[in-house]
Amino acid sequence: MTDVVAAVFNTNGTNPWMDTGDNAWQLTTATFVGMQSIPGLMVFYGGIVKKKWAVNSAFMAFYAFAAVLVFWVCWGFQMSFGEQWAPFLGKPGAVSTLTIMGQLSQSFIPASKTLSNFPMSTMIYFQAVFAAISLILIAGAFLGRMNFRAWMIFVPLWLTLSYTTVCFSIWGGGWLWQMGVLDYSGGYVIHLSAGTAAYVGAWCIGPRLKQDREDFEPNNIPLAMVGAGLLWLGWNGFNGGDPFNAGPDAGVAVLNTNICTAVSLLTWMVLDIIFFKKPSIIGACQGMITGLVAITPGAGLVAGWGAICIGVASGSIPWISMNVVGKTKLFSHIDDTLGVFHTHAVAGFLGGILTGVFATVEGCAAFALTNPGGGIAGNWHQVALQFYGALYVIAVNLVMTPLILLTIGLVVPLRMSDADLLIGDAACHGEDAYAFYHDGAKEIDMARTASNVSIAGMKGTGMIVLGGSTDALVKGAVVA
């Protein structure tokens, strides 16, 4: 044990490899990314859905963040960044993530031979918040109808069977990393993966109620904007933390992230004005998100003018995907509640391919990569590599996500009952988002809700609704 301690600390208690600046930056960026989920996406989801789904939507994000952290330290981190077990997977285990000496030791990713000047505990947490936000993004397509118990099961299974596979292949030293596929901060590992899983998952679960699909007005746009702001500025940690040091490349990544996002937002807004005659703040949020997603795979690899080009593309191509292609019968058949496919799968794919075009030799070198840049540097082979990587990510999720959900469906229903869908949060959690009640008013309101469900359930029967706690409200009311 003395030898092990000596490998971590000098005799005077100092650490020979620790860079306190890098460690402070890495912990800060990890916190930024965590805040994108809680409270960022929690309040974004809670504000952008109908009032009756505000609690459930926020709770899906809240649960996923907590659950992923636990499963990540138990086996997820080692499967994503541990010793190679297969070309696409690390060896499962929790030795280095749960022992004190493992947490104190220098961060090292064995398959990619990546050594960082901060402790393993910092790396574990930094990667955990990326895994967590991936599941929370998927939830955006399932809002308004997924059974919460099914969601509780889905989170650890998708993390284990899908996320770790893609993560190790591209980031952990697996076969795509060895081929030279570029993904600076998760355009493929997180966004393309989550967007694909969200879309096929929405098909497996089934749609919301017809009236919810036709009328799903946000219940609190200012609250959603708070979440959008947290997402944008939190992305400084999302992309700024991936050099694993507080160096020049981190600054480049942060600046390019903000340039691309601003251009994308403005492009989306202009298209809204041209085609819909009015600027939409919800549309601007979509443009913001697509810009953040598209710059992610190349944030520290492209030049500023490249970030502008990517921003124009991310503000226009996903706009067409959502507002033109998404309205066709083929796409509208699948109920993707918040359009996660368009904002994350399309934008992530687009960003990955454009990274292959605009990656610079200098940017790759600053990120400690041997890739000779992208297409603009004469290396058009990089575009082909990016395409291969995207196909792999899509294929994994096209297979694993339906398999996971269909298996869960054998145990618990994937979709809530129509009766519960009519009520929303009160049926799922026994709570309301805006519960401003005086004494006794809550019971009256719940009785009114119950009576409305009864009326909806017996519509057309000609029956008289009587009995129970709803007598005073609907006694004698004939249902036509």
# chains A, B, ... in the order shown; residues from 1 in each chain; ligands from 1

$ residues_around --residues "Ile124 of chain A" --least-positions-apart "6" --cutoff "9 Å" --atoms "only C-alpha atoms" --output "PyMOL selection string"
chain A and resi 72-73+77+97+103+107

$ residues_around --residues "Cys364 of chain A" --least-positions-apart "3" --cutoff "10 Å" --atoms "only C-alpha atoms" --output "PyMOL selection string"
chain A and resi 182+184+249+298+300-302+359-361+367-374

$ select_by_dssp --residues "segment 278-383 of chain A" --states "helix (DSSP H, G or I)" --output "PyMOL selection string"
chain A and resi 281-298+304-323+325-327+329-332+340-358+361-366+375-377+381-383

$ closest_atom_pairs --of "segment 164-238 of chain A" --to "segment 397-421 of chain A" --cutoff "12 Å" --atoms "only C-alpha atoms" --output "Markdown table"
| residue | atom | partner | partner_atom | distance |
| --- | --- | --- | --- | --- |
| A:Thr164 | CA | A:Asn397 | CA | 11.7 |
| A:Thr165 | CA | A:Asn397 | CA | 10.1 |
| A:Val166 | CA | A:Asn397 | CA | 9.2 |
| A:Tyr188 | CA | A:Asn397 | CA | 11.6 |
| A:Val189 | CA | A:Asn397 | CA | 11.0 |
| A:Ile190 | CA | A:Asn397 | CA | 11.5 |
| A:His191 | CA | A:Asn397 | CA | 11.7 |
| A:Leu192 | CA | A:Asn397 | CA | 9.4 |
| A:Ser193 | CA | A:Asn397 | CA | 6.5 |
| A:Ala194 | CA | A:Asn397 | CA | 8.3 |
| A:Gly195 | CA | A:Asn397 | CA | 9.3 |
| A:Thr196 | CA | A:Asn397 | CA | 6.3 |
| A:Ala197 | CA | A:Asn397 | CA | 5.4 |
| A:Ala198 | CA | A:Thr401 | CA | 8.5 |
| A:Tyr199 | CA | A:Leu398 | CA | 9.3 |
| A:Val200 | CA | A:Pro402 | CA | 6.7 |
| A:Gly201 | CA | A:Pro402 | CA | 6.3 |
| A:Ala202 | CA | A:Pro402 | CA | 9.6 |
| A:Trp203 | CA | A:Pro402 | CA | 8.8 |
| A:Cys204 | CA | A:Pro402 | CA | 6.5 |
| A:Ile205 | CA | A:Leu414 | CA | 5.6 |
| A:Gly206 | CA | A:Arg415 | CA | 7.1 |
| A:Pro207 | CA | A:Arg415 | CA | 8.6 |
| A:Arg208 | CA | A:Leu421 | CA | 7.9 |
| A:Leu209 | CA | A:Leu421 | CA | 7.1 |
| A:Lys210 | CA | A:Asp418 | CA | 10.5 |
| A:Gln211 | CA | A:Leu421 | CA | 10.4 |
| A:Asp212 | CA | A:Leu421 | CA | 9.1 |
| A:Arg213 | CA | A:Leu421 | CA | 11.9 |

$ closest_atom_pairs --of "segment 343-442 of chain A" --to "segment 36-59 of chain A" --cutoff "7 Å" --atoms "only C-alpha atoms" --output "CSV"
residue,atom,partner,partner_atom,distance
A:Ile423,CA,A:Lys52,CA,7.0
A:Gly424,CA,A:Lys52,CA,5.0
A:Asp425,CA,A:Trp53,CA,5.5
A:Asp432,CA,A:Val55,CA,6.7
A:Ala433,CA,A:Val55,CA,5.6

$ write_last_selection --atoms "N, CA and C atoms" --output "PDB file, in the first residue's frame"
ATOM      1  N   ILE A 423     -55.247  13.052 -17.952  1.00  0.00           N
ATOM      2  CA  ILE A 423     -55.003  13.813 -16.724  1.00  0.00           C
ATOM      3  C   ILE A 423     -53.606  14.412 -16.699  1.00  0.00           C
ATOM      4  N   GLY A 424     -52.590  13.601 -16.965  1.00  0.00           N
ATOM      5  CA  GLY A 424     -51.215  14.085 -16.960  1.00  0.00           C
ATOM      6  C   GLY A 424     -50.517  13.915 -15.634  1.00  0.00           C
ATOM      7  N   ASP A 425     -49.885  14.979 -15.145  1.00  0.00           N
ATOM      8  CA  ASP A 425     -49.027  14.908 -13.960  1.00  0.00           C
ATOM      9  C   ASP A 425     -49.737  14.349 -12.726  1.00  0.00           C
ATOM     10  N   ASP A 432     -49.041  18.680  -9.205  1.00  0.00           N
ATOM     11  CA  ASP A 432     -49.302  19.631 -10.278  1.00  0.00           C
ATOM     12  C   ASP A 432     -48.181  20.656 -10.328  1.00  0.00           C
ATOM     13  N   ALA A 433     -47.901  21.172 -11.542  1.00  0.00           N
ATOM     14  CA  ALA A 433     -46.825  22.148 -11.691  1.00  0.00           C
ATOM     15  C   ALA A 433     -47.155  23.474 -11.018  1.00  0.00           C
TER      16      ALA A 433
END

$ atom_distance --atom1 "atom CA of Trp75 of chain A" --atom2 "atom CA of Ala94 of chain A"
5.4 Å

$ closest_residue --among "A:Asn256, A:Ala365, A:Thr355, A:Thr31" --to "Ile308 of chain A" --atoms "only C-alpha atoms"
A:Asn256

$ residues_around --residues "Leu255 of chain A" --least-positions-apart "6" --cutoff "9 Å" --atoms "only C-alpha atoms" --output "list in words"
Asn236, Gly240, Ala299, Gly300 and Gly304 of chain A

$ write_last_selection --atoms "N, CA, C and O atoms" --output "PDB file, in the first residue's frame"
ATOM      1  N   ASN A 236     -20.280  26.028 -23.148  1.00  0.00           N
ATOM      2  CA  ASN A 236     -18.875  26.426 -23.013  1.00  0.00           C
ATOM      3  C   ASN A 236     -18.081  25.350 -22.271  1.00  0.00           C
ATOM      4  O   ASN A 236     -16.891  25.129 -22.553  1.00  0.00           O
ATOM      5  N   GLY A 240     -15.637  23.239 -24.242  1.00  0.00           N
ATOM      6  CA  GLY A 240     -14.383  23.782 -23.724  1.00  0.00           C
ATOM      7  C   GLY A 240     -13.606  22.830 -22.847  1.00  0.00           C
ATOM      8  O   GLY A 240     -12.412  23.021 -22.623  1.00  0.00           O
ATOM      9  N   ALA A 299     -15.556  21.623 -32.691  1.00  0.00           N
ATOM     10  CA  ALA A 299     -15.431  22.925 -32.016  1.00  0.00           C
ATOM     11  C   ALA A 299     -14.007  23.438 -31.944  1.00  0.00           C
ATOM     12  O   ALA A 299     -13.745  24.622 -32.196  1.00  0.00           O
ATOM     13  N   GLY A 300     -13.051  22.592 -31.587  1.00  0.00           N
ATOM     14  CA  GLY A 300     -11.675  23.030 -31.461  1.00  0.00           C
ATOM     15  C   GLY A 300     -10.819  22.693 -32.668  1.00  0.00           C
ATOM     16  O   GLY A 300      -9.613  22.944 -32.660  1.00  0.00           O
ATOM     17  N   GLY A 304     -12.472  29.988 -37.205  1.00  0.00           N
ATOM     18  CA  GLY A 304     -13.668  30.786 -36.963  1.00  0.00           C
ATOM     19  C   GLY A 304     -14.569  30.888 -38.177  1.00  0.00           C
ATOM     20  O   GLY A 304     -15.800  30.817 -38.071  1.00  0.00           O
TER      21      GLY A 304
END
